[in-house]
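Participant: The structure file protein18.cif (mmCIF, C-alpha atoms) is provided below.
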data_upload
#
loop_
_atom_site.label_atom_id
_atom_site.label_comp_id
_atom_site.auth_asym_id
_atom_site.auth_seq_id
_atom_site.Cartn_x
_atom_site.Cartn_y
_atom_site.Cartn_z
CA MET A 28 -4.96 38.53 43.62
CA PHE A 29 -5.98 35.69 41.31
CA LYS A 30 -6.55 35.55 37.57
CA ARG A 31 -10.20 35.77 36.47
CA PHE A 32 -10.25 33.58 33.38
CA ARG A 33 -14.04 33.88 33.20
CA ARG A 34 -13.72 37.48 31.98
CA LEU A 35 -13.07 36.11 28.50
CA ARG A 36 -15.93 33.60 28.70
CA SER A 37 -18.74 35.96 29.69
CA ASN A 38 -20.62 35.85 26.36
CA GLU A 39 -20.44 34.11 22.98
CA ASN A 40 -18.98 37.08 21.11
CA ILE A 41 -16.06 37.38 23.52
CA ARG A 42 -15.52 33.63 23.45
CA ALA A 43 -15.45 33.72 19.65
CA LEU A 44 -13.03 36.65 19.68
CA VAL A 45 -10.37 34.75 21.64
CA ARG A 46 -11.07 31.25 20.31
CA GLU A 47 -7.76 29.58 19.48
CA ASN A 48 -8.99 27.04 16.92
CA THR A 49 -11.88 27.00 14.47
CA LEU A 50 -13.34 24.50 12.03
CA ASN A 51 -13.53 25.59 8.42
CA ILE A 52 -14.98 23.85 5.37
CA ASN A 53 -11.54 24.17 3.75
CA ASP A 54 -10.18 21.77 6.39
CA LEU A 55 -12.28 18.86 5.14
CA ILE A 56 -11.46 15.99 2.78
CA TYR A 57 -14.24 13.53 1.91
CA PRO A 58 -13.52 9.85 1.15
CA LEU A 59 -15.22 8.26 -1.87
CA PHE A 60 -15.29 4.58 -2.88
CA VAL A 61 -15.72 3.79 -6.57
CA VAL A 62 -16.77 0.41 -7.97
CA ASP A 63 -17.23 -0.91 -11.50
CA GLY A 64 -20.72 -0.88 -13.01
CA LYS A 65 -23.61 1.56 -13.33
CA ASN A 66 -26.39 2.81 -11.07
CA ILE A 67 -24.70 1.32 -8.00
CA LYS A 68 -25.04 3.06 -4.65
CA LYS A 69 -24.64 0.47 -1.93
CA GLU A 70 -24.78 1.65 1.67
CA ILE A 71 -22.29 0.11 4.10
CA SER A 72 -24.10 -1.57 6.98
CA SER A 73 -21.53 -0.54 9.59
CA MET A 74 -21.23 3.02 8.24
CA PRO A 75 -24.60 4.71 7.72
CA ASP A 76 -24.62 7.26 4.86
CA VAL A 77 -21.36 5.90 3.40
CA PHE A 78 -21.63 4.11 0.05
CA GLN A 79 -19.82 2.10 -2.55
CA MET A 80 -20.73 3.88 -5.79
CA SER A 81 -20.31 3.32 -9.49
CA LEU A 82 -18.69 6.15 -11.41
CA ASP A 83 -21.97 7.65 -12.60
CA GLU A 84 -23.08 7.93 -8.96
CA ILE A 85 -19.65 9.23 -7.91
CA LEU A 86 -20.08 12.07 -10.40
CA LYS A 87 -23.45 12.96 -8.84
CA GLU A 88 -21.82 12.86 -5.41
CA CYS A 89 -19.03 15.17 -6.55
CA GLU A 90 -21.59 17.65 -7.83
CA GLU A 91 -23.20 17.72 -4.39
CA LEU A 92 -19.81 18.13 -2.72
CA VAL A 93 -18.94 21.09 -4.94
CA LEU A 94 -22.29 22.73 -4.15
CA LEU A 95 -21.59 22.24 -0.44
CA GLY A 96 -18.24 23.95 -0.81
CA ILE A 97 -16.10 20.88 -0.14
CA LYS A 98 -12.93 21.26 -2.18
CA ALA A 99 -11.16 17.90 -1.83
CA ILE A 100 -11.88 14.17 -1.99
CA ILE A 101 -9.72 11.13 -1.40
CA LEU A 102 -10.55 8.39 -3.87
CA PHE A 103 -10.44 4.63 -3.24
CA GLY A 104 -11.06 1.91 -5.80
CA VAL A 105 -13.03 -1.19 -4.79
CA LEU A 106 -12.72 -4.25 -7.04
CA GLU A 107 -14.76 -7.41 -7.28
CA ASP A 108 -12.82 -10.51 -6.28
CA ASP A 109 -12.67 -11.90 -9.81
CA LYS A 110 -10.73 -8.82 -10.96
CA LYS A 111 -8.06 -9.08 -8.28
CA ASP A 112 -4.75 -10.87 -8.66
CA SER A 113 -1.51 -11.36 -6.75
CA CYS A 114 0.06 -8.03 -7.73
CA GLY A 115 -2.98 -5.75 -8.11
CA SER A 116 -2.72 -5.41 -11.89
CA ASP A 117 -5.83 -3.22 -12.17
CA ALA A 118 -4.04 -0.51 -10.21
CA LEU A 119 -1.19 -0.57 -12.76
CA SER A 120 -3.36 -0.05 -15.84
CA ASP A 121 -4.51 3.05 -17.70
CA ASP A 122 -7.76 1.15 -18.17
CA GLY A 123 -8.03 0.33 -14.46
CA LEU A 124 -10.81 1.53 -12.20
CA ILE A 125 -8.93 4.44 -10.61
CA ALA A 126 -7.42 5.65 -13.89
CA ARG A 127 -10.81 5.75 -15.60
CA SER A 128 -12.43 7.39 -12.59
CA LEU A 129 -9.76 10.07 -12.38
CA ARG A 130 -10.21 11.04 -16.01
CA GLU A 131 -13.98 11.38 -15.77
CA ILE A 132 -14.08 13.19 -12.43
CA LYS A 133 -11.37 15.63 -13.46
CA ALA A 134 -13.06 16.29 -16.82
CA LYS A 135 -16.32 17.26 -15.14
CA PHE A 136 -14.94 18.88 -11.99
CA PRO A 137 -11.56 20.37 -12.91
CA ASN A 138 -11.30 22.43 -9.71
CA LEU A 139 -12.11 19.60 -7.31
CA ILE A 140 -8.92 18.40 -5.65
CA ILE A 141 -8.60 14.64 -6.14
CA ILE A 142 -6.28 12.88 -3.73
CA THR A 143 -5.65 9.26 -4.63
CA ASP A 144 -5.01 6.54 -2.10
CA LEU A 145 -1.99 4.67 -3.43
CA CYS A 146 -1.94 1.08 -2.19
CA PHE A 147 -2.64 -2.46 -3.38
CA CYS A 148 -4.80 -4.02 -0.66
CA GLU A 149 -8.03 -3.27 -2.57
CA TYR A 150 -6.62 -4.81 -5.76
CA THR A 151 -4.81 -7.98 -4.60
CA ASP A 152 -6.42 -11.36 -4.11
CA HIS A 153 -4.54 -11.78 -0.81
CA GLY A 154 -5.63 -8.38 0.55
CA HIS A 155 -2.16 -7.25 1.56
CA CYS A 156 -0.56 -3.97 0.52
CA GLY A 157 1.96 -5.20 -2.03
CA ILE A 158 3.92 -8.10 -3.49
CA ILE A 159 4.07 -11.16 -1.22
CA ASN A 160 7.40 -12.88 -0.61
CA PRO A 161 6.52 -16.59 -0.99
CA LYS A 162 9.10 -17.65 1.58
CA THR A 163 8.11 -15.30 4.40
CA LYS A 164 4.43 -14.87 3.42
CA SER A 165 4.95 -11.19 4.17
CA VAL A 166 4.98 -8.12 1.92
CA ASP A 167 8.27 -7.68 0.06
CA ASN A 168 9.11 -4.05 0.75
CA ASP A 169 11.37 -3.26 -2.22
CA LEU A 170 9.38 -5.12 -4.86
CA THR A 171 6.32 -3.23 -3.64
CA LEU A 172 8.21 0.05 -4.05
CA GLU A 173 8.73 -0.81 -7.72
CA ILE A 174 5.06 -1.33 -8.48
CA SER A 175 4.08 1.63 -6.27
CA ALA A 176 6.16 3.86 -8.53
CA LYS A 177 4.24 2.52 -11.54
CA GLN A 178 0.94 3.10 -9.77
CA ALA A 179 1.93 6.69 -8.93
CA LEU A 180 2.59 7.46 -12.60
CA ILE A 181 -0.83 6.03 -13.53
CA HIS A 182 -2.44 8.36 -11.00
CA ALA A 183 -0.38 11.35 -12.07
CA LYS A 184 -0.98 11.16 -15.80
CA ASN A 185 -4.70 10.54 -15.38
CA GLY A 186 -5.31 13.67 -13.32
CA ALA A 187 -4.57 13.16 -9.62
CA ASP A 188 -3.93 16.43 -7.77
CA MET A 189 -2.18 14.74 -4.86
CA ILE A 190 -0.99 11.21 -4.09
CA ALA A 191 -1.35 9.58 -0.68
CA PRO A 192 0.63 6.33 -0.31
CA SER A 193 -0.94 4.29 2.49
CA GLY A 194 0.93 0.97 2.42
CA MET A 195 3.58 1.91 5.03
CA MET A 196 6.48 0.60 2.98
CA ASP A 197 9.93 1.84 4.04
CA GLY A 198 11.22 4.30 1.45
CA ILE A 199 7.88 4.84 -0.25
CA VAL A 200 7.98 8.65 -0.17
CA TYR A 201 11.54 8.77 -1.53
CA THR A 202 10.62 6.32 -4.29
CA LEU A 203 7.51 8.21 -5.35
CA ARG A 204 9.14 11.64 -5.16
CA LYS A 205 12.05 10.48 -7.31
CA THR A 206 9.76 8.80 -9.83
CA LEU A 207 7.38 11.73 -10.11
CA ASP A 208 10.19 14.27 -10.43
CA GLU A 209 11.97 12.26 -13.14
CA ASN A 210 8.77 12.02 -15.17
CA GLY A 211 7.78 15.68 -15.13
CA TYR A 212 5.47 15.64 -12.10
CA GLU A 213 7.72 17.55 -9.73
CA ASN A 214 4.82 19.80 -8.70
CA LEU A 215 2.52 16.93 -7.70
CA PRO A 216 2.35 16.84 -3.89
CA ILE A 217 2.61 13.73 -1.72
CA MET A 218 0.53 13.35 1.42
CA ALA A 219 2.29 10.61 3.34
CA TYR A 220 0.40 8.19 5.54
CA SER A 221 3.45 8.82 7.68
CA THR A 222 2.11 7.40 10.93
CA LYS A 223 -0.44 4.69 10.22
CA PHE A 224 -1.11 2.35 13.10
CA ALA A 225 -2.19 -1.29 12.94
CA SER A 226 -5.54 -0.38 14.43
CA ALA A 227 -8.84 -2.05 15.28
CA TYR A 228 -10.52 1.25 14.35
CA TYR A 229 -10.29 0.28 10.66
CA GLY A 230 -12.85 -2.53 10.92
CA PRO A 231 -15.76 -0.90 9.06
CA PHE A 232 -13.44 0.41 6.33
CA ARG A 233 -12.47 -3.12 5.41
CA GLU A 234 -16.14 -3.78 4.66
CA VAL A 235 -16.47 -0.79 2.35
CA ALA A 236 -13.07 -1.29 0.66
CA LYS A 237 -13.31 -5.10 0.58
CA SER A 238 -9.68 -5.19 1.68
CA THR A 239 -9.53 -7.60 4.60
CA PRO A 240 -6.35 -9.72 4.34
CA SER A 241 -7.04 -13.33 3.34
CA TYR A 242 -4.55 -14.44 5.99
CA GLY A 243 -2.55 -12.86 8.78
CA ASP A 244 -2.60 -9.13 9.50
CA ARG A 245 -0.70 -5.97 8.62
CA LYS A 246 1.38 -5.65 11.78
CA THR A 247 4.66 -6.25 9.94
CA TYR A 248 4.27 -2.97 8.05
CA GLN A 249 1.70 -0.85 9.90
CA MET A 250 2.87 0.66 13.18
CA ASP A 251 2.55 -0.78 16.67
CA PHE A 252 -0.03 1.44 18.36
CA ALA A 253 1.94 1.30 21.63
CA ASN A 254 4.82 3.31 20.12
CA ALA A 255 4.78 7.11 20.15
CA LYS A 256 8.50 7.77 19.65
CA GLU A 257 8.61 5.45 16.65
CA ALA A 258 5.58 7.27 15.25
CA LEU A 259 7.45 10.56 15.39
CA CYS A 260 10.52 8.98 13.74
CA GLU A 261 8.35 7.56 10.92
CA SER A 262 6.82 10.92 10.13
CA LEU A 263 10.05 12.91 10.32
CA GLU A 264 11.68 10.36 8.00
CA ASP A 265 8.87 10.86 5.47
CA GLU A 266 9.46 14.60 5.72
CA LYS A 267 13.15 14.08 4.90
CA GLN A 268 12.20 11.89 1.94
CA GLY A 269 10.08 14.65 0.40
CA ALA A 270 6.56 14.45 1.82
CA ASP A 271 4.53 17.65 1.53
CA ILE A 272 1.87 16.74 4.10
CA LEU A 273 2.12 14.29 7.00
CA MET A 274 -0.78 12.16 8.21
CA VAL A 275 -1.67 10.44 11.45
CA LYS A 276 -4.20 7.59 11.18
CA PRO A 277 -6.39 6.88 13.14
CA ALA A 278 -7.03 10.27 14.72
CA LEU A 279 -9.07 10.30 17.91
CA ALA A 280 -7.07 7.83 20.00
CA TYR A 281 -3.75 9.28 18.78
CA LEU A 282 -3.99 13.00 19.55
CA ASP A 283 -0.79 12.74 21.60
CA VAL A 284 1.01 11.69 18.42
CA VAL A 285 -0.57 14.55 16.45
CA LYS A 286 0.50 17.07 19.09
CA GLU A 287 4.05 15.71 19.28
CA LEU A 288 4.36 15.77 15.51
CA SER A 289 3.01 19.32 15.27
CA GLN A 290 5.72 20.45 17.69
CA ASN A 291 8.49 18.79 15.68
CA SER A 292 7.54 19.50 12.06
CA LYS A 293 6.56 22.61 10.15
CA LEU A 294 4.71 20.62 7.49
CA PRO A 295 0.89 20.62 7.38
CA ILE A 296 -0.58 17.69 9.31
CA CYS A 297 -3.63 15.71 8.23
CA VAL A 298 -5.60 13.32 10.40
CA TYR A 299 -7.80 10.53 9.10
CA ASN A 300 -10.97 10.37 11.18
CA VAL A 301 -11.38 6.68 10.40
CA SER A 302 -14.34 4.38 9.91
CA GLY A 303 -14.42 3.01 13.46
CA GLU A 304 -14.52 6.51 14.92
CA TYR A 305 -17.33 7.44 12.53
CA ALA A 306 -19.28 4.25 13.26
CA LEU A 307 -19.12 4.84 17.02
CA LEU A 308 -20.63 8.32 16.72
CA LYS A 309 -23.29 7.04 14.33
CA ALA A 310 -24.18 4.27 16.77
CA GLY A 311 -24.43 6.82 19.57
CA GLN A 312 -26.72 8.96 17.40
CA LYS A 313 -28.93 5.99 16.59
CA ALA A 314 -29.16 5.02 20.26
CA GLY A 315 -30.06 8.58 21.21
CA VAL A 316 -27.40 8.75 23.91
CA ILE A 317 -25.32 11.66 22.54
CA ASP A 318 -25.86 15.14 21.11
CA TYR A 319 -24.52 14.05 17.73
CA GLU A 320 -23.83 17.41 16.06
CA LYS A 321 -22.15 18.87 19.11
CA MET A 322 -20.00 15.78 19.50
CA ILE A 323 -18.90 15.94 15.86
CA PHE A 324 -17.73 19.51 16.30
CA GLU A 325 -16.01 18.81 19.59
CA THR A 326 -14.17 15.91 17.97
CA MET A 327 -13.10 17.97 14.96
CA LEU A 328 -11.89 20.81 17.18
CA ALA A 329 -9.87 18.29 19.17
CA PHE A 330 -8.06 17.37 15.95
CA LYS A 331 -7.38 21.04 15.20
CA ARG A 332 -6.29 21.77 18.77
CA ALA A 333 -3.81 18.91 18.66
CA GLY A 334 -2.20 20.44 15.57
CA ALA A 335 -4.00 19.07 12.51
CA LYS A 336 -4.61 21.39 9.57
CA LEU A 337 -6.57 18.91 7.40
CA ILE A 338 -9.18 16.32 8.33
CA ILE A 339 -10.23 13.35 6.23
CA THR A 340 -13.67 12.53 7.54
CA TYR A 341 -16.90 10.75 6.58
CA HIS A 342 -18.70 13.53 8.48
CA ALA A 343 -17.59 16.14 5.91
CA LYS A 344 -20.96 16.58 4.20
CA GLU A 345 -22.79 16.84 7.52
CA ILE A 346 -20.28 19.38 8.78
CA ALA A 347 -20.53 21.43 5.58
CA LYS A 348 -24.31 21.62 5.91
CA ILE A 349 -24.09 22.68 9.55
CA LEU A 350 -21.44 25.30 8.82
CA SER A 351 -23.59 26.78 6.06
CA GLN A 352 -26.36 27.39 8.60
CA LYS A 353 -24.15 29.21 11.11
#
Mind turning this structure into structure tokens?

Facilitator:
Amino acid sequence: MFKRFRRLRSNENIRALVRENTLNINDLIYPLFVVDGKNIKKEISSMPDVFQMSLDEILKECEELVLLGIKAIILFGVLEDDKKDSCGSDALSDDGLIARSLREIKAKFPNLIIITDLCFCEYTDHGHCGIINPKTKSVDNDLTLEISAKQALIHAKNGADMIAPSGMMDGIVYTLRKTLDENGYENLPIMAYSTKFASAYYGPFREVAKSTPSYGDRKTYQMDFANAKEALCESLEDEKQGADILMVKPALAYLDVVKELSQNSKLPICVYNVSGEYALLKAGQKAGVIDYEKMIFETMLAFKRAGAKLIITYHAKEIAKILSQK
């Protein structure tokens, strides 16, 4: 006697009945990139349908997202070069781009969850993720923790619903949790970029965020993509320090890391379906060599199957529209 697995595949209703993982609109987080100015909606050449937008356009975009049923965004600020400096001062100001954007978005869309990316690469003239040590020409970890704490309070008091530190500084989650708790924000969750690899998949993002380093790379603080055990250690350390959600970034080439993490932590796991992954599918769609919608869903289900609960993805609006038709 042998097992007849096909019994549970014989028609769509039976397949749906026993399906282990599903994709839901509540799983999706949509990235938005805000710039100074008005009436700006600049499409990114390497990322079709992704835009740098001024705040007035961001507000229009948020209205569309709410109508689509998308409940969460992750917000990035994009500065012009003449507004950047060595320590990312704009990110430390109540009059800075992110602070102003938070206030206006939250005022108009109080129920939209705003996750803020907490880093300095978009705000520094050198394009690195913190304060540079002049002797080593590398990011000074502990000085960067100090200004990250200040940045977190700016985000918190201007309306952020969740903070996502992405700079990969050692001790960042502990520092932010302690700072937030001591200042009355003990209920503000932290989504740690707990396993963020030094990846070539970020290429298109650096165009949209204008965050390419002016020299060197980020390999001294982002993770070596050859290391899976270290990745698990990084994430479990962030859990100990007080993270509420753990993230793996990029997603598609690192499903082994997602699976391993899901088997070793009870915290919710988020994956960031990054710009390079998005650009590849868009290129395949343009070339007519893939069934684009089916491939999106297969990719998203792969994230869920590996153990992710949340997905940051530039496909979110497309997925929401498809789900509404099912």

Participant: Identify all residues satisfying the PyMOL selection byres ((chain A and resi 286-296) around 12) in the given file; provide them as JSON, numbers by chain.

Facilitator: {"A": [54, 216, 217, 218, 219, 220, 221, 222, 255, 256, 257, 258, 259, 260, 261, 262, 263, 264, 265, 266, 267, 269, 270, 271, 272, 273, 274, 275, 276, 278, 279, 280, 281, 282, 283, 284, 285, 297, 298, 299, 329, 330, 331, 332, 333, 334, 335, 336, 337, 338, 339]}

Participant: Take the PyMOL selection byres ((chain A and resi 130) around 12), apply it to the structure above, and return the hits as a list of chain:residue names.

Facilitator: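 The output of the PyMOL selection byres ((chain A and resi 130) around 12) on this file is A:Leu82, A:Leu86, A:Asp121, A:Asp122, A:Gly123, A:Leu124, A:Ile125, A:Ala126, A:Arg127, A:Ser128, A:Leu129, A:Glu131, A:Ile132, A:Lys133, A:Ala134, A:Lys135, A:Phe136, A:Pro137, A:Ile141, A:Ile181, A:His182, A:Ala183, A:Lys184, A:Asn185, A:Gly186, A:Ala187, A:Asp188.
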
Participant: Quick one, how far is atom CA of A:Gly315 from atom CA of A:Gly230?

Facilitator: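 A separation of 22.9 Å between them.
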
Participant: Using all atoms listed in the file, can you list as a ChimeraX atom specification the residues within 9 Å of (15.4, 0.3, 4.4)?

Facilitator: /A:168-169,197-198

Participant: Quick check on the file I pasted: which residues fall under the PyMOL selection byres ((chain A and resi 116) around 12)? Write them as a PyMOL selection string.

Facilitator: chain A and resi 106+110-115+117-125+146-152+157-158+174-175+177-178+181

Participant: Please indicate the distance in Å from atom CA of A:Thr326 to atom CA of A:Ile100, rounded to one decimal place.

Facilitator: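 About the pair atom CA of A:Thr326 and atom CA of A:Ile100: they are 20.2 Å apart.
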
Participant: Could you give me, as a VMD selection string, the residues within 9 Å of A:Leu308, counting all atoms listed in the file and dropping anything in the same chain fewer than 3 positions from it?

Facilitator: chain A and resid 303 to 305 311 to 313 317 319 322 to 323

Participant: I'd like to know which of A:Met74, A:Leu139, A:Leu172, A:Val316 is closest to A:Leu94, using all atoms listed in the file.

Facilitator: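 Checking each of A:Met74, A:Leu139, A:Leu172, A:Val316 against A:Leu94, counting all atoms listed in the file, the winner is A:Leu139.
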
Participant: So which residues touch A:Glu70 within 9 Å, counting only C-alpha atoms, skipping near sequence neighbours fewer than 3 positions away, as a CSV table (one decimal) with C-alpha atoms, keeping the file's coordinate frame?

Facilitator:
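Listing of out-v4.csv after writing:
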chain,number,residue,atom,x,y,z
A,73,SER,CA,-21.5,-0.5,9.6
A,74,MET,CA,-21.2,3.0,8.2
A,75,PRO,CA,-24.6,4.7,7.7
A,76,ASP,CA,-24.6,7.3,4.9
A,77,VAL,CA,-21.4,5.9,3.4
A,78,PHE,CA,-21.6,4.1,0.0
A,79,GLN,CA,-19.8,2.1,-2.6
A,80,MET,CA,-20.7,3.9,-5.8
A,235,VAL,CA,-16.5,-0.8,2.4

Participant: Pick the closest to A:Asn51 from A:Glu88, A:Pro231, A:Gly96, A:Asp108: which is it, counting all atoms listed in the file?

Facilitator: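 Once distances to A:Asn51 are computed over all atoms listed in the file, the minimum belongs to A:Gly96.
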
Participant: Using all atoms listed in the file, which of the listed residues (A:Ile67, A:Met189, A:Ile159, A:Ala43) sits closest to A:Leu102?

Facilitator: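 Selected residue with least distance to A:Leu102: A:Met189.
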
Participant: Could you give me the centre and size, in Å to one decimal, of an axis-aligned box around all listed atoms of stretch 157-169 of chain A with 3 Å added on every side, as lines of an AutoDock Vina configuration file?

Facilitator:
center_x = 6.7
center_y = -10.5
center_z = 0.5
size_x = 15.4
size_y = 20.4
size_z = 13.9

Participant: May I ask for the distance between atom CA of A:Asn138 and atom CA of A:Met195, given in Å to one decimal place?

Facilitator: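 Straight-line distance from atom CA of A:Asn138 to atom CA of A:Met195 works out to 29.3 Å.
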
Participant: As a compact mmCIF listing (two decimals) with C-alpha atoms, in the frame of the given file, please: the residues near A:Leu92 (cut-off 9 Å, only C-alpha atoms, same-chain neighbours under 5 positions excluded).

Facilitator:
# COMPACT_ATOMS: atom_id res chain seq x y z
CA TYR A 57 -14.24 13.53 1.91
CA LYS A 87 -23.45 12.96 -8.84
CA ILE A 97 -16.10 20.88 -0.14
CA LYS A 98 -12.93 21.26 -2.18
CA ALA A 99 -11.16 17.90 -1.83
CA ILE A 100 -11.88 14.17 -1.99
CA LYS A 344 -20.96 16.58 4.20
CA ALA A 347 -20.53 21.43 5.58

Participant: Give the answer as one residue: which of A:Ile56, A:Val166, A:Tyr201, A:Lys223 has the shortest atom-to-atom distance to A:Thr143, using all atoms listed in the file?

Facilitator: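 Of A:Ile56, A:Val166, A:Tyr201, A:Lys223, the one nearest A:Thr143, counting all atoms listed in the file, is A:Ile56.
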
Participant: Measuring atom to atom with all atoms listed in the file, identify which of A:Asn210, A:Ser351, A:Thr202, A:Asn38 is nearest to A:Gln268.

Facilitator: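 With all atoms listed in the file as the atom set, the closest residue is A:Thr202.
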
Participant: Calculated over only C-alpha atoms, which of the candidates A:Glu213, A:Glu91, A:Asp83, A:Asp144 has the smallest distance to A:Gly104?

Facilitator: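 Residue with the minimum atom-to-atom distance to A:Gly104: A:Asp144.
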